[in-house]
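Q: First, the structure itself, so that you have it in front of you.
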Amino acid sequence: MTVRELSDYLRLDRMTIYKMLKEGGIPASRIGHQWRFFQEDIDKWIRSLRTGPKARVLLITGDATTAILFQDGLSDDSYIPTIASNTDEAVSLVRSGEFDLVMLELSNSTVECFRQVRSFNERVPVIIFLADADADA
């Protein structure tokens with residue numbers, strides 16, 4: 001993105017963008033005499049400026065690959081991911097802490113795990129998902 005495109009994207013005056021560049025507060029690259037911005041870097045920078053508490057997310061899965069992908073995907077400035085590999089571990093975690101969201105992988109123990117999680121926290125949203133880490137993308 002150019003300075004003009006970034007100005008439109010952020011809805012800021014171009015002079016404000018130049019001031020932020022001078023102060024070193026915005027991720028940018030200089031090519032010749034022109035400033036360039038990558039949208040991914042700008043979006044990440046904006047997320048890092050968020051204030052307030054981070055969302056605590058509990059993932060319940062017995063699959064190590066799913067757990068790693070989840071951990072990597074949510075480990076940023078907005079989330080605190082926690083992994084449970086079975087129902088007992090999940091129930092222990094739900095008892096000891098407050099979660100903003102529970103993600104539960106569909107398995108043979110899904111219904112029982114859901115019931116136990118709900119018995120300790122009736123308000124937490126629960127997303128039940130099916131993951132197949134071996135599937136072709």
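Numbering starts fresh at 1 for the residues of each chain in the structure tokens, the chains themselves are lettered A, B, ... in the order given, and ligands are numbered from 1 as they appear.
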Please return, as a ChimeraX atom specification, all residues of range 30-70 of chain A that DSSP assigns to strand (DSSP E or B) on the basis of the backbone.
A: /A:30-31,34-36,55-60
Q: Would you list, as a PyMOL selection string, the residues of chain A that end up in alpha helix (DSSP H) under DSSP run on this structure's backbone?
A: chain A and resi 3-10+14-23+39-48+64-74+87-96+110-120
Q: Of the candidates A:Tyr9, A:Val94, A:Ile83, A:Pro27, which one gets nearest to Glu122 in chain A if we count only C-alpha atoms?
A: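 The closest residue to Glu122 in chain A is A:Val94.
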Q: Counting only C-alpha atoms, which of A:Asp100, A:Glu112, A:Glu5, A:Asp13 gets nearest to Val126 in chain A?
A: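 Closest residue, counting only C-alpha atoms: A:Asp100.
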Q: Which distance in Å separates CA of Pro81 in chain A and CA of Leu59 in chain A, to one decimal?
A: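 Value for the CA of Pro81 in chain A-CA of Leu59 in chain A distance: 7.4 Å.
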Q: Which neighbours of Gly62 in chain A fall inside 9 Å, counting only C-alpha atoms, when residues of the same chain fewer than 4 positions from it are skipped, and could you give them as JSON, numbers by chain?
A: {"A": [66, 67, 84, 85, 86, 105, 107]}
Q: Can I get the selected residues back with C-alpha atoms, as an mmCIF file, in the first residue's frame?
A:
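Done, and the output landed in out_3.cif:
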data_model
loop_
_atom_site.group_PDB
_atom_site.id
_atom_site.type_symbol
_atom_site.label_atom_id
_atom_site.label_comp_id
_atom_site.auth_asym_id
_atom_site.auth_seq_id
_atom_site.Cartn_x
_atom_site.Cartn_y
_atom_site.Cartn_z
ATOM 1 C CA THR A 66 -5.005 -29.773 15.870
ATOM 2 C CA ALA A 67 -3.698 -28.536 19.226
ATOM 3 C CA ALA A 84 -7.081 -29.826 27.116
ATOM 4 C CA SER A 85 -6.497 -33.280 25.661
ATOM 5 C CA ASN A 86 -9.406 -35.059 27.363
ATOM 6 C CA GLU A 105 -13.614 -31.347 18.888
ATOM 7 C CA SER A 107 -15.454 -37.301 19.235
#
Q: If we count only C-alpha atoms, what is near Leu104 in chain A at a cut-off of 9 Å, once residues fewer than 2 positions away on the same chain are taken out, given as a compact mmCIF listing (two decimals) with N, CA and C atoms, in the first residue's frame?
A:
# COMPACT_ATOMS: atom_id res chain seq x y z
N LEU A 58 -10.53 -22.06 25.40
CA LEU A 58 -10.16 -23.43 25.75
C LEU A 58 -10.47 -24.34 24.56
N LEU A 59 -9.47 -25.07 24.10
CA LEU A 59 -9.65 -26.07 23.05
C LEU A 59 -9.56 -27.45 23.67
N ILE A 60 -10.56 -28.28 23.38
CA ILE A 60 -10.56 -29.65 23.88
C ILE A 60 -10.42 -30.56 22.67
N THR A 61 -9.26 -31.19 22.55
CA THR A 61 -8.96 -32.08 21.43
C THR A 61 -7.95 -33.13 21.86
N VAL A 102 -15.23 -21.96 24.55
CA VAL A 102 -14.74 -23.34 24.58
C VAL A 102 -14.94 -23.92 23.19
N LEU A 106 -15.31 -32.76 17.90
CA LEU A 106 -16.28 -33.84 17.86
C LEU A 106 -15.57 -35.19 18.00
N SER A 107 -16.03 -35.97 18.99
CA SER A 107 -15.45 -37.30 19.23
C SER A 107 -16.49 -38.14 19.98
N THR A 110 -17.74 -36.35 23.18
CA THR A 110 -18.18 -34.96 23.04
C THR A 110 -19.38 -34.62 23.92
N CYS A 113 -18.45 -34.56 27.64
CA CYS A 113 -17.58 -33.41 27.90
C CYS A 113 -18.41 -32.13 27.89
N PHE A 114 -19.29 -31.99 26.92
CA PHE A 114 -20.15 -30.81 26.83
C PHE A 114 -21.00 -30.67 28.09
N VAL A 126 -19.91 -22.59 23.49
CA VAL A 126 -19.18 -23.81 23.13
C VAL A 126 -19.36 -24.05 21.63
N ILE A 127 -18.25 -24.15 20.94
CA ILE A 127 -18.26 -24.48 19.51
C ILE A 127 -17.80 -25.92 19.38
N ILE A 128 -18.60 -26.75 18.75
CA ILE A 128 -18.21 -28.13 18.49
C ILE A 128 -17.77 -28.20 17.03
N PHE A 129 -16.57 -28.72 16.81
CA PHE A 129 -16.02 -28.74 15.46
C PHE A 129 -15.47 -30.12 15.13
N LEU A 130 -15.32 -30.37 13.85
CA LEU A 130 -14.72 -31.61 13.35
C LEU A 130 -13.44 -31.24 12.64
Q: If you count only C-alpha atoms, which residues fall within 9 Å of range 37-48 of chain A, apart from same-chain ones fewer than 4 positions away, as a JSON list (two decimals) with N, CA and C atoms, in the first residue's frame?
A:
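Output file part_28.json follows:
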[["chain", "number", "residue", "atom", "x", "y", "z"],
["A", 1, "MET", "N", 0.84, -1.18, 0.00],
["A", 1, "MET", "CA", 0.00, 0.00, 0.00],
["A", 1, "MET", "C", 0.88, 1.24, 0.00],
["A", 2, "THR", "N", 0.40, 2.26, -0.62],
["A", 2, "THR", "CA", 1.07, 3.56, -0.59],
["A", 2, "THR", "C", 0.56, 4.35, 0.62],
["A", 3, "VAL", "N", 1.14, 5.51, 0.85],
["A", 3, "VAL", "CA", 0.68, 6.37, 1.94],
["A", 3, "VAL", "C", -0.78, 6.75, 1.71],
["A", 6, "LEU", "N", -2.97, 3.73, 2.45],
["A", 6, "LEU", "CA", -3.02, 3.50, 3.89],
["A", 6, "LEU", "C", -3.90, 4.55, 4.57],
["A", 26, "ILE", "N", 4.76, 2.96, 13.15],
["A", 26, "ILE", "CA", 3.95, 2.19, 12.21],
["A", 26, "ILE", "C", 4.87, 1.33, 11.34],
["A", 27, "PRO", "N", 4.52, 0.07, 11.10],
["A", 27, "PRO", "CA", 5.39, -0.79, 10.30],
["A", 27, "PRO", "C", 5.38, -0.37, 8.82],
["A", 28, "ALA", "N", 6.56, -0.14, 8.27],
["A", 28, "ALA", "CA", 6.66, 0.32, 6.89],
["A", 28, "ALA", "C", 8.01, -0.05, 6.30],
["A", 29, "SER", "N", 8.08, -0.01, 4.99],
["A", 29, "SER", "CA", 9.33, -0.21, 4.25],
["A", 29, "SER", "C", 9.49, 0.97, 3.30],
["A", 30, "ARG", "N", 10.74, 1.33, 3.10],
["A", 30, "ARG", "CA", 11.00, 2.42, 2.17],
["A", 30, "ARG", "C", 11.64, 1.84, 0.92],
["A", 76, "ASP", "N", -1.65, -14.69, 19.80],
["A", 76, "ASP", "CA", -1.29, -13.32, 19.45],
["A", 76, "ASP", "C", -1.72, -12.42, 20.59],
["A", 77, "ASP", "N", -1.82, -11.16, 20.31],
["A", 77, "ASP", "CA", -2.13, -10.21, 21.38],
["A", 77, "ASP", "C", -3.59, -10.20, 21.80],
["A", 78, "SER", "N", -4.45, -10.97, 21.13],
["A", 78, "SER", "CA", -5.88, -10.92, 21.42],
["A", 78, "SER", "C", -6.42, -12.11, 22.19]]
Q: Using only C-alpha atoms, find the one residue out of A:Ser75, A:Asn121, A:Gln34, A:Thr51 that sits nearest to Ser96 in chain A.
A: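 Of all the options, A:Asn121 lies closest to Ser96 in chain A.
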Q: Name the residues in contact with Ile80 in chain A at a cut-off of 7 Å, using only C-alpha atoms, excluding same-chain residues fewer than 6 positions from it; report them as a list in words.
A: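 Everything that qualifies: Lys54, Ala55, Arg56 and Val57 of chain A.
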Q: Figure out the distance between CA of Arg95 in chain A and CA of Val117 in chain A, please, to one decimal in Å.
A: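 Computed distance, CA of Val117 in chain A to CA of Arg95 in chain A, equals 8.5 Å.
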